[in-house]
$ cat data_22.pdb   # PDB, C-alpha atoms
ATOM      1  CA  MET A1406      77.475  84.521  98.767
ATOM      2  CA  ILE A1407      80.220  87.123  99.162
ATOM      3  CA  THR A1408      83.065  86.072 101.414
ATOM      4  CA  THR A1409      84.163  88.537 104.069
ATOM      5  CA  ILE A1410      87.870  89.239 103.615
ATOM      6  CA  SER A1411      88.334  91.518 106.575
ATOM      7  CA  ARG A1412      85.925  93.613 108.555
ATOM      8  CA  THR A1413      88.678  95.974 109.567
ATOM      9  CA  HIS A1414      87.583  98.225 106.690
ATOM     10  CA  VAL A1415      83.822  98.408 106.096
ATOM     11  CA  PRO A1416      82.785 100.942 103.436
ATOM     12  CA  ASN A1417      79.544 102.854 103.915
ATOM     13  CA  LEU A1418      77.537 101.610 100.926
ATOM     14  CA  PRO A1419      74.328 103.551 100.162
ATOM     15  CA  SER A1420      70.951 101.829 100.110
ATOM     16  CA  PRO A1421      70.013 100.063  96.844
ATOM     17  CA  GLU A1422      67.656 102.916  95.931
ATOM     18  CA  ARG A1423      70.274 105.613  96.524
ATOM     19  CA  LEU A1424      72.883 103.546  94.733
ATOM     20  CA  LEU A1425      70.730 103.439  91.599
ATOM     21  CA  ALA A1426      70.245 107.209  91.869
ATOM     22  CA  PHE A1427      74.024 107.663  92.040
ATOM     23  CA  ARG A1428      74.376 105.437  88.963
ATOM     24  CA  ASP A1429      71.845 107.560  87.074
ATOM     25  CA  ARG A1430      73.798 110.707  87.974
ATOM     26  CA  LEU A1431      77.011 109.022  86.841
ATOM     27  CA  ASP A1432      75.412 108.161  83.501
ATOM     28  CA  ALA A1433      74.224 111.755  83.092
ATOM     29  CA  ASP A1434      77.314 113.701  84.173
ATOM     30  CA  GLY A1435      80.184 111.227  83.773
ATOM     31  CA  PHE A1436      81.032 111.372  87.477
ATOM     32  CA  VAL A1437      79.341 111.391  90.861
ATOM     33  CA  ILE A1438      80.471 111.630  94.493
ATOM     34  CA  ILE A1439      79.295 109.126  97.112
ATOM     35  CA  PRO A1440      80.005 110.891 100.419
ATOM     36  CA  GLY A1441      81.595 109.195 103.407
ATOM     37  CA  PHE A1442      82.339 105.873 101.707
ATOM     38  CA  LEU A1443      85.495 105.151 103.737
ATOM     39  CA  ASP A1444      85.899 105.829 107.445
ATOM     40  CA  PRO A1445      88.689 108.077 108.807
ATOM     41  CA  ALA A1446      90.662 105.151 110.252
ATOM     42  CA  THR A1447      90.836 103.482 106.838
ATOM     43  CA  THR A1448      91.924 106.621 104.986
ATOM     44  CA  ARG A1449      94.516 107.333 107.683
ATOM     45  CA  GLU A1450      95.959 103.829 107.318
ATOM     46  CA  LEU A1451      96.077 104.164 103.536
ATOM     47  CA  ARG A1452      97.856 107.526 103.766
ATOM     48  CA  SER A1453     100.441 105.982 106.061
ATOM     49  CA  HIS A1454     100.864 103.076 103.652
ATOM     50  CA  ILE A1455     101.427 105.451 100.732
ATOM     51  CA  ASP A1456     103.961 107.459 102.739
ATOM     52  CA  ALA A1457     105.825 104.262 103.616
ATOM     53  CA  LEU A1458     106.069 103.397  99.914
ATOM     54  CA  ALA A1459     106.700 106.893  98.523
ATOM     55  CA  GLY A1460     108.808 108.436 101.266
ATOM     56  CA  PRO A1461     108.193 111.679 103.142
ATOM     57  CA  VAL A1462     106.170 114.532 101.672
ATOM     58  CA  ARG A1463     108.392 117.402 100.528
ATOM     59  CA  ARG A1464     107.429 121.049 100.764
ATOM     60  CA  ALA A1465     107.097 122.955  97.508
ATOM     61  CA  ASP A1466     110.337 124.847  98.220
ATOM     62  CA  GLU A1467     112.307 121.653  98.942
ATOM     63  CA  PRO A1468     114.101 119.730  96.192
ATOM     64  CA  ALA A1469     112.389 116.451  95.315
ATOM     65  CA  PRO A1470     112.965 113.869  92.559
ATOM     66  CA  ARG A1471     109.209 113.801  91.875
ATOM     67  CA  ARG A1472     106.046 115.507  93.045
ATOM     68  CA  LEU A1473     103.589 112.941  91.705
ATOM     69  CA  HIS A1474     103.843 109.444  93.174
ATOM     70  CA  ASP A1475     101.873 107.009  90.985
ATOM     71  CA  LEU A1476     102.183 103.620  92.703
ATOM     72  CA  ARG A1477     100.934 100.563  90.815
ATOM     73  CA  HIS A1478     101.117  96.818  91.275
ATOM     74  CA  PRO A1479     103.017  94.937  92.405
ATOM     75  CA  LEU A1480     102.080  96.746  95.628
ATOM     76  CA  PRO A1481     102.891  95.204  99.015
ATOM     77  CA  GLY A1482     100.683  95.476 102.057
ATOM     78  CA  ARG A1483      97.872  93.588 103.710
ATOM     79  CA  ILE A1484      95.540  96.535 103.227
ATOM     80  CA  MET A1485      95.508  96.095  99.441
ATOM     81  CA  GLY A1486      93.658  92.806  99.877
ATOM     82  CA  GLU A1487      91.498  94.106 102.708
ATOM     83  CA  LEU A1488      90.186  96.876 100.452
ATOM     84  CA  VAL A1489      88.644  94.342  98.057
ATOM     85  CA  THR A1490      85.524  94.374 100.221
ATOM     86  CA  PRO A1491      82.045  92.883  99.779
ATOM     87  CA  GLU A1492      80.751  96.446  99.489
ATOM     88  CA  HIS A1493      83.109  97.205  96.600
ATOM     89  CA  LEU A1494      82.003  94.052  94.798
ATOM     90  CA  LEU A1495      78.314  94.826  95.268
ATOM     91  CA  LEU A1496      78.908  98.358  94.010
ATOM     92  CA  ALA A1497      80.819  97.064  90.986
ATOM     93  CA  ARG A1498      78.064  94.580  90.142
ATOM     94  CA  THR A1499      75.515  97.385  90.265
ATOM     95  CA  LEU A1500      77.605  99.648  88.045
ATOM     96  CA  VAL A1501      78.353  97.121  85.295
ATOM     97  CA  ASP A1502      75.171  95.017  85.609
ATOM     98  CA  GLY A1503      77.320  91.896  85.709
ATOM     99  CA  ASP A1504      78.306  89.120  88.091
ATOM    100  CA  GLU A1505      81.560  87.705  86.657
ATOM    101  CA  LEU A1506      83.910  90.390  87.874
ATOM    102  CA  ARG A1507      87.618  90.883  87.411
ATOM    103  CA  LEU A1508      89.788  93.409  89.238
ATOM    104  CA  THR A1509      91.194  95.866  86.708
ATOM    105  CA  GLU A1510      93.673  97.694  88.910
ATOM    106  CA  GLN A1511      94.578  99.209  92.236
ATOM    107  CA  VAL A1512      96.595 102.434  92.129
ATOM    108  CA  LEU A1513      97.823 104.587  95.008
ATOM    109  CA  ILE A1514      98.592 108.231  94.190
ATOM    110  CA  ARG A1515     100.079 111.028  96.239
ATOM    111  CA  THR A1516     100.348 114.519  94.769
ATOM    112  CA  ASP A1517     102.862 116.551  96.754
ATOM    113  CA  PRO A1518     102.938 120.368  96.966
ATOM    114  CA  MET A1519     104.366 121.856  93.774
ATOM    115  CA  PRO A1520     106.154 125.130  93.095
ATOM    116  CA  GLU A1521     104.403 125.576  89.726
ATOM    117  CA  ALA A1522     101.161 127.441  89.149
ATOM    118  CA  GLY A1523      97.947 125.464  89.440
ATOM    119  CA  GLY A1524      95.728 124.193  86.677
ATOM    120  CA  PRO A1525      95.240 121.060  84.572
ATOM    121  CA  SER A1526      98.278 118.994  83.663
ATOM    122  CA  GLY A1527      96.856 117.167  80.627
ATOM    123  CA  TRP A1528      93.309 116.543  79.381
ATOM    124  CA  HIS A1529      92.568 112.958  78.309
ATOM    125  CA  ILE A1530      90.180 110.019  78.468
ATOM    126  CA  ASP A1531      91.173 106.686  79.977
ATOM    127  CA  PHE A1532      89.635 104.410  77.357
ATOM    128  CA  ALA A1533      87.664 104.722  74.104
ATOM    129  CA  PHE A1534      84.739 102.337  73.776
ATOM    130  CA  HIS A1535      82.383 101.763  70.863
ATOM    131  CA  PRO A1536      78.650 102.469  71.335
ATOM    132  CA  ARG A1537      77.816  98.756  71.552
ATOM    133  CA  HIS A1538      80.124  98.392  74.556
ATOM    134  CA  LEU A1539      78.324 101.211  76.353
ATOM    135  CA  SER A1540      74.821  99.888  75.660
ATOM    136  CA  ALA A1541      75.541  96.198  76.329
ATOM    137  CA  ARG A1542      74.337  94.456  79.482
ATOM    138  CA  PRO A1543      76.468  93.500  81.300
ATOM    139  CA  ARG A1544      78.222  96.759  80.450
ATOM    140  CA  GLN A1545      81.394  96.058  78.512
ATOM    141  CA  THR A1546      83.188  98.951  80.158
ATOM    142  CA  TYR A1547      84.471  99.682  83.639
ATOM    143  CA  ILE A1548      83.818 102.462  86.123
ATOM    144  CA  GLN A1549      86.740 103.948  87.993
ATOM    145  CA  MET A1550      86.376 104.154  91.773
ATOM    146  CA  VAL A1551      88.457 107.071  93.029
ATOM    147  CA  HIS A1552      88.715 107.008  96.824
ATOM    148  CA  ALA A1553      89.577 110.382  98.340
ATOM    149  CA  LEU A1554      92.039 109.717 101.158
ATOM    150  CA  SER A1555      92.259 113.405 102.064
ATOM    151  CA  THR A1556      90.036 116.441 101.674
ATOM    152  CA  VAL A1557      90.768 118.295  98.429
ATOM    153  CA  GLU A1558      90.317 122.060  98.201
ATOM    154  CA  SER A1559      90.647 124.318  95.181
ATOM    155  CA  GLY A1560      94.209 124.233  93.875
ATOM    156  CA  GLY A1561      94.994 121.141  95.932
ATOM    157  CA  GLY A1562      95.642 118.681  93.119
ATOM    158  CA  ALA A1563      91.989 117.974  92.366
ATOM    159  CA  VAL A1564      90.792 115.852  89.472
ATOM    160  CA  MET A1565      89.306 118.144  86.825
ATOM    161  CA  VAL A1566      86.473 116.998  84.551
ATOM    162  CA  VAL A1567      84.281 118.362  81.785
ATOM    163  CA  PRO A1568      80.796 117.275  82.919
ATOM    164  CA  GLY A1569      78.859 115.354  80.290
ATOM    165  CA  SER A1570      81.846 115.061  77.963
ATOM    166  CA  HIS A1571      81.499 111.266  77.854
ATOM    167  CA  HIS A1572      78.369 111.773  75.728
ATOM    168  CA  LEU A1573      80.382 113.775  73.182
ATOM    169  CA  MET A1574      83.088 111.114  73.207
ATOM    170  CA  ALA A1575      80.536 108.352  72.637
ATOM    171  CA  ALA A1576      78.999 110.281  69.744
ATOM    172  CA  ALA A1577      82.452 110.775  68.217
ATOM    173  CA  ALA A1578      83.201 107.063  68.574
ATOM    174  CA  ALA A1579      79.931 106.264  66.792
ATOM    175  CA  ARG A1580      80.833 108.570  63.889
ATOM    176  CA  LEU A1581      84.295 107.060  63.564
ATOM    177  CA  ALA A1582      83.241 103.424  63.731
ATOM    178  CA  THR A1583      83.077 101.545  60.433
ATOM    179  CA  GLY A1584      80.132  99.356  59.520
ATOM    180  CA  SER A1585      81.755  96.374  61.185
ATOM    181  CA  GLU A1586      83.401  98.445  63.924
ATOM    182  CA  ARG A1587      87.058  98.178  64.809
ATOM    183  CA  PHE A1588      87.596  95.746  67.622
ATOM    184  CA  ASP A1589      91.375  95.415  67.440
ATOM    185  CA  ALA A1590      92.525  96.215  70.946
ATOM    186  CA  GLU A1591      96.007  96.923  69.605
ATOM    187  CA  ASN A1592      94.663 100.161  68.094
ATOM    188  CA  GLN A1593      93.230 101.465  71.368
ATOM    189  CA  ALA A1594      95.771 104.270  71.806
ATOM    190  CA  ALA A1595      95.237 105.558  68.270
ATOM    191  CA  PHE A1596      91.458 105.207  68.480
ATOM    192  CA  LYS A1597      91.393 107.021  71.824
ATOM    193  CA  ALA A1598      93.349 109.935  70.358
ATOM    194  CA  GLU A1599      91.094 109.974  67.287
ATOM    195  CA  VAL A1600      87.923 110.011  69.373
ATOM    196  CA  THR A1601      89.261 112.805  71.577
ATOM    197  CA  ARG A1602      90.102 114.967  68.552
ATOM    198  CA  ALA A1603      86.748 114.317  66.886
ATOM    199  CA  ALA A1604      84.751 115.104  70.035
ATOM    200  CA  ALA A1605      86.380 118.562  70.270
ATOM    201  CA  VAL A1606      85.317 119.042  73.881
ATOM    202  CA  ASP A1607      85.555 122.606  75.202
ATOM    203  CA  THR A1608      87.973 122.273  78.123
ATOM    204  CA  SER A1609      87.068 125.754  79.381
ATOM    205  CA  ARG A1610      84.002 124.007  80.824
ATOM    206  CA  GLY A1611      86.244 121.914  83.046
ATOM    207  CA  ILE A1612      85.670 121.975  86.790
ATOM    208  CA  GLU A1613      87.574 120.745  89.829
ATOM    209  CA  ILE A1614      86.081 117.943  91.914
ATOM    210  CA  HIS A1615      86.439 118.698  95.627
ATOM    211  CA  PRO A1616      85.797 115.535  97.655
ATOM    212  CA  CYS A1617      86.102 115.264 101.411
ATOM    213  CA  ASP A1618      88.299 112.689 103.114
ATOM    214  CA  GLY A1619      86.573 109.319 102.686
ATOM    215  CA  ASP A1620      84.359 110.276  99.739
ATOM    216  CA  LEU A1621      84.199 108.049  96.672
ATOM    217  CA  ILE A1622      84.198 109.508  93.159
ATOM    218  CA  LEU A1623      82.706 107.246  90.502
ATOM    219  CA  PHE A1624      84.156 108.146  87.155
ATOM    220  CA  HIS A1625      83.299 107.207  83.536
ATOM    221  CA  PRO A1626      86.476 106.301  81.570
ATOM    222  CA  MET A1627      85.283 108.316  78.521
ATOM    223  CA  CYS A1628      84.717 111.512  80.519
ATOM    224  CA  LEU A1629      87.405 114.064  79.604
ATOM    225  CA  HIS A1630      89.489 114.768  82.673
ATOM    226  CA  SER A1631      92.871 115.936  83.896
ATOM    227  CA  ALA A1632      95.006 115.798  86.969
ATOM    228  CA  SER A1633      95.900 119.213  88.347
ATOM    229  CA  ARG A1634      98.915 120.640  90.106
ATOM    230  CA  ASN A1635      98.892 120.889  93.870
ATOM    231  CA  THR A1636      99.516 124.445  95.030
ATOM    232  CA  ARG A1637      98.465 123.758  98.624
ATOM    233  CA  ARG A1638     100.758 122.954 101.540
ATOM    234  CA  GLU A1639      99.292 119.476 102.120
ATOM    235  CA  ALA A1640      99.679 116.402  99.934
ATOM    236  CA  ARG A1641      96.663 114.927  98.167
ATOM    237  CA  TYR A1642      96.067 111.163  98.490
ATOM    238  CA  VAL A1643      93.824 108.849  96.451
ATOM    239  CA  LEU A1644      93.214 105.155  95.826
ATOM    240  CA  PHE A1645      92.014 104.115  92.361
ATOM    241  CA  MET A1646      90.291 100.762  91.965
ATOM    242  CA  SER A1647      88.029  99.341  89.267
ATOM    243  CA  PHE A1648      86.371  96.143  88.108
ATOM    244  CA  PHE A1649      84.970  94.850  84.813
ATOM    245  CA  ASP A1650      82.769  91.952  83.725
ATOM    246  CA  VAL A1651      84.408  89.139  81.758
ATOM    247  CA  SER A1652      81.967  89.789  78.896
ATOM    248  CA  ALA A1653      83.959  92.975  78.164
ATOM    249  CA  THR A1654      86.194  91.130  75.690
ATOM    250  CA  TYR A1655      87.393  94.294  73.907
ATOM    251  CA  LEU A1656      88.689  95.728  77.176
ATOM    252  CA  HIS A1657      89.902  92.343  78.389
ATOM    253  CA  ASP A1658      91.899  91.719  75.192
ATOM    254  CA  HIS A1659      93.558  95.125  75.486
ATOM    255  CA  LEU A1660      94.548  94.508  79.098
ATOM    256  CA  ARG A1661      95.988  91.121  78.186
ATOM    257  CA  ARG A1662      98.011  92.561  75.299
ATOM    258  CA  GLU A1663      99.417  95.194  77.639
ATOM    259  CA  LYS A1664      99.968  92.554  80.356
ATOM    260  CA  TYR A1665      98.537  95.183  82.670
ATOM    261  CA  ARG A1666      96.881  92.714  85.038
ATOM    262  CA  ASP A1667      99.916  90.411  85.119
ATOM    263  CA  ARG A1668     101.456  92.590  87.839
ATOM    264  CA  PHE A1669      99.229  91.587  90.736
ATOM    265  CA  PRO A1670     101.651  90.246  93.365
ATOM    266  CA  GLU A1671     101.472  86.802  94.896
ATOM    267  CA  SER A1672     100.739  88.465  98.231
ATOM    268  CA  LEU A1673      97.438  89.795  96.854
ATOM    269  CA  HIS A1674      96.488  86.312  95.648
ATOM    270  CA  GLU A1675      97.240  84.951  99.118
ATOM    271  CA  GLN A1676      95.228  87.654 100.889
ATOM    272  CA  LEU A1677      92.044  86.873  98.958
ATOM    273  CA  PRO A1678      89.931  83.873 100.004
ATOM    274  CA  SER A1679      89.788  81.065  97.474
ATOM    275  CA  ASP A1680      86.351  81.992  96.129
ATOM    276  CA  LEU A1681      87.511  85.541  95.320
ATOM    277  CA  ARG A1682      90.824  84.742  93.660
ATOM    278  CA  GLY A1683      88.945  84.581  90.382
ATOM    279  CA  LEU A1684      88.956  88.400  90.507
ATOM    280  CA  LEU A1685      92.638  88.220  89.516
ATOM    281  CA  GLU A1686      92.277  85.608  86.765
ATOM    282  CA  HIS A1687      92.567  86.398  83.052
TER     283      HIS A1687
END

$ encode --input "data_22.pdb" --output "structure tokens"
Amino acid sequence: MITTISRTHVPNLPSPERLLAFRDRLDADGFVIIPGFLDPATTRELRSHIDALAGPVRRADEPAPRRLHDLRHPLPGRIMGELVTPEHLLLARTLVDGDELRLTEQVLIRTDPMPEAGGPSGWHIDFAFHPRHLSARPRQTYIQMVHALSTVESGGGAVMVVPGSHHLMAAAAARLATGSERFDAENQAAFKAEVTRAAAVDTSRGIEIHPCDGDLILFHPMCLHSASRNTRREARYVLFMSFFDVSATYLHDHLRREKYRDRFPESLHEQLPSDLRGLLEH
């Protein structure tokens, strides 16, 4: 049984049949949009929370120490615990075909208006997996949940992707793997760069993703993507969150070496009920 943390924020989860259809589209294209996942009150509260942490939005013609605010744990705020909802956990279980979940991360991002020209700021993949990780059940990968906290129009700091590029990345990983495969998580950065070079994805096929406020983008970590510069007058807001199954030892070992999940604050532990605190365990 899933414990209710807070019913202040209740995501709009599709029916089981539609959810499986979204998963199939994700597998095919490397990304998919679930419309209207978060309600306007929730996205408004999250925008206010980001502004409180990052400071006021600056116009493109105003001096600013940074235009991209990438806020990672330890993050304060009751809402960070409230957003670990039963609907998110059910969605994560469906995506990874697993029940022993761990929270990978929560990231708040605000992209302020920029004086530079638009376009991608750097094509990359988030993680390079071997074919056996992709085919395993439970899946030994994770799926990024990108919550749009504002409507994104062309030139407004959209995520850019090359649809289907995760298939090329997986094929490149298969060609590069030795007979025994390389499982050393310490080599992840080098292997990721090697896979990206070998896949030779044509970035001219890249497109912008234009979600509406409250939409949820599901995103494959091996899909080639880039942030883009915000040439609009309004800031762009997003919440990243993802989960993995404990069977994903390759990923888990890498995260432990990086101590990436060591940064969850005590406040987040306290906000979760006792039966969900395992989400934060190693």

$ residues_around --input "data_22.pdb" --residues "Val1643 of chain A" --least-positions-apart "6" --cutoff "7 Å" --atoms "only C-alpha atoms" --output "list in words"
Leu1513, Ile1514, Arg1515, Val1551, His1552, Ala1553 and Leu1554 of chain A

$ resolve_selection --input "data_22.pdb" --expression "the PyMOL selection byres ((chain A and resi 1555-1561) around 6)" --output "JSON, numbers by chain"
{"A": [1523, 1553, 1554, 1562, 1563, 1615, 1616, 1617, 1618, 1635, 1636, 1637, 1642]}

$ write_last_selection --input "data_22.pdb" --atoms "C-alpha atoms" --output "tab-separated table (two decimals), in the frame of the given file"
chain	number	residue	atom	x	y	z
A	1523	GLY	CA	97.95	125.46	89.44
A	1553	ALA	CA	89.58	110.38	98.34
A	1554	LEU	CA	92.04	109.72	101.16
A	1562	GLY	CA	95.64	118.68	93.12
A	1563	ALA	CA	91.99	117.97	92.37
A	1615	HIS	CA	86.44	118.70	95.63
A	1616	PRO	CA	85.80	115.54	97.66
A	1617	CYS	CA	86.10	115.26	101.41
A	1618	ASP	CA	88.30	112.69	103.11
A	1635	ASN	CA	98.89	120.89	93.87
A	1636	THR	CA	99.52	124.44	95.03
A	1637	ARG	CA	98.46	123.76	98.62
A	1642	TYR	CA	96.07	111.16	98.49

$ closest_residue --input "data_22.pdb" --among "A:Asp1466, A:Asp1456, A:Asp1650, A:Asp1432" --to "Gly1503 of chain A" --atoms "all atoms listed in the file"
A:Asp1650

$ resolve_selection --input "data_22.pdb" --expression "the PyMOL selection byres ((chain A and resi 1524) around 7)" --output "VMD selection string"
chain A and resid 1522 to 1523 1525 to 1526 1633 to 1634

$ write_last_selection --input "data_22.pdb" --atoms "C-alpha atoms" --output "short mmCIF file (atom, residue, chain, number, x, y, z; two decimals), keeping the file's coordinate frame"
data_model
loop_
_atom_site.label_atom_id
_atom_site.label_comp_id
_atom_site.auth_asym_id
_atom_site.auth_seq_id
_atom_site.Cartn_x
_atom_site.Cartn_y
_atom_site.Cartn_z
CA ALA A 1522 101.16 127.44 89.15
CA GLY A 1523 97.95 125.46 89.44
CA PRO A 1525 95.24 121.06 84.57
CA SER A 1526 98.28 118.99 83.66
CA SER A 1633 95.90 119.21 88.35
CA ARG A 1634 98.92 120.64 90.11
#

$ closest_atom_pairs --input "data_22.pdb" --of "segment 1529-1551 of chain A" --to "segment 1653-1672 of chain A" --cutoff "9 Å" --atoms "all atoms listed in the file" --output "Markdown table"
| residue | atom | partner | partner_atom | distance |
| --- | --- | --- | --- | --- |
| A:Phe1532 | CA | A:Leu1656 | CA | 8.7 |
| A:Phe1534 | CA | A:Leu1656 | CA | 8.4 |
| A:His1538 | CA | A:Ala1653 | CA | 7.6 |
| A:Pro1543 | CA | A:Ala1653 | CA | 8.1 |
| A:Arg1544 | CA | A:Ala1653 | CA | 7.2 |
| A:Gln1545 | CA | A:Ala1653 | CA | 4.0 |
| A:Thr1546 | CA | A:Ala1653 | CA | 6.3 |
| A:Tyr1547 | CA | A:Leu1656 | CA | 8.7 |

$ residues_around --input "data_22.pdb" --residues "His1625 of chain A" --least-positions-apart "2" --cutoff "10 Å" --atoms "all atoms listed in the file" --output "list of chain:residue names"
A:Leu1431, A:Asp1432, A:Asp1434, A:Gly1435, A:Phe1436, A:Val1437, A:Ile1530, A:Asp1531, A:Phe1532, A:Thr1546, A:Tyr1547, A:Ile1548, A:Gln1549, A:Met1550, A:Gly1569, A:Ser1570, A:His1571, A:Ile1622, A:Leu1623, A:Met1627, A:Cys1628, A:Leu1629, A:His1630

$ write_last_selection --input "data_22.pdb" --atoms "C-alpha atoms" --output "mmCIF file, in the frame of the given file"
data_model
loop_
_atom_site.group_PDB
_atom_site.id
_atom_site.type_symbol
_atom_site.label_atom_id
_atom_site.label_comp_id
_atom_site.auth_asym_id
_atom_site.auth_seq_id
_atom_site.Cartn_x
_atom_site.Cartn_y
_atom_site.Cartn_z
ATOM 1 C CA LEU A 1431 77.011 109.022 86.841
ATOM 2 C CA ASP A 1432 75.412 108.161 83.501
ATOM 3 C CA ASP A 1434 77.314 113.701 84.173
ATOM 4 C CA GLY A 1435 80.184 111.227 83.773
ATOM 5 C CA PHE A 1436 81.032 111.372 87.477
ATOM 6 C CA VAL A 1437 79.341 111.391 90.861
ATOM 7 C CA ILE A 1530 90.180 110.019 78.468
ATOM 8 C CA ASP A 1531 91.173 106.686 79.977
ATOM 9 C CA PHE A 1532 89.635 104.410 77.357
ATOM 10 C CA THR A 1546 83.188 98.951 80.158
ATOM 11 C CA TYR A 1547 84.471 99.682 83.639
ATOM 12 C CA ILE A 1548 83.818 102.462 86.123
ATOM 13 C CA GLN A 1549 86.740 103.948 87.993
ATOM 14 C CA MET A 1550 86.376 104.154 91.773
ATOM 15 C CA GLY A 1569 78.859 115.354 80.290
ATOM 16 C CA SER A 1570 81.846 115.061 77.963
ATOM 17 C CA HIS A 1571 81.499 111.266 77.854
ATOM 18 C CA ILE A 1622 84.198 109.508 93.159
ATOM 19 C CA LEU A 1623 82.706 107.246 90.502
ATOM 20 C CA MET A 1627 85.283 108.316 78.521
ATOM 21 C CA CYS A 1628 84.717 111.512 80.519
ATOM 22 C CA LEU A 1629 87.405 114.064 79.604
ATOM 23 C CA HIS A 1630 89.489 114.768 82.673
#

$ resolve_selection --input "data_22.pdb" --expression "the PyMOL selection byres ((chain A and resi 1604) around 8)" --output "list in words"
Leu1573, Met1574, Ala1576, Ala1577, Val1600, Thr1601, Arg1602, Ala1603, Ala1605 and Val1606 of chain A

$ closest_residue --input "data_22.pdb" --among "A:Ala1426, A:Leu1500, A:Leu1539, A:Ala1578" --to "Glu1599 of chain A" --atoms "all atoms listed in the file"
A:Ala1578

$ atom_distance --input "data_22.pdb" --atom1 "atom CA of Glu1487 of chain A" --atom2 "atom CA of Leu1506 of chain A"
17.1 Å
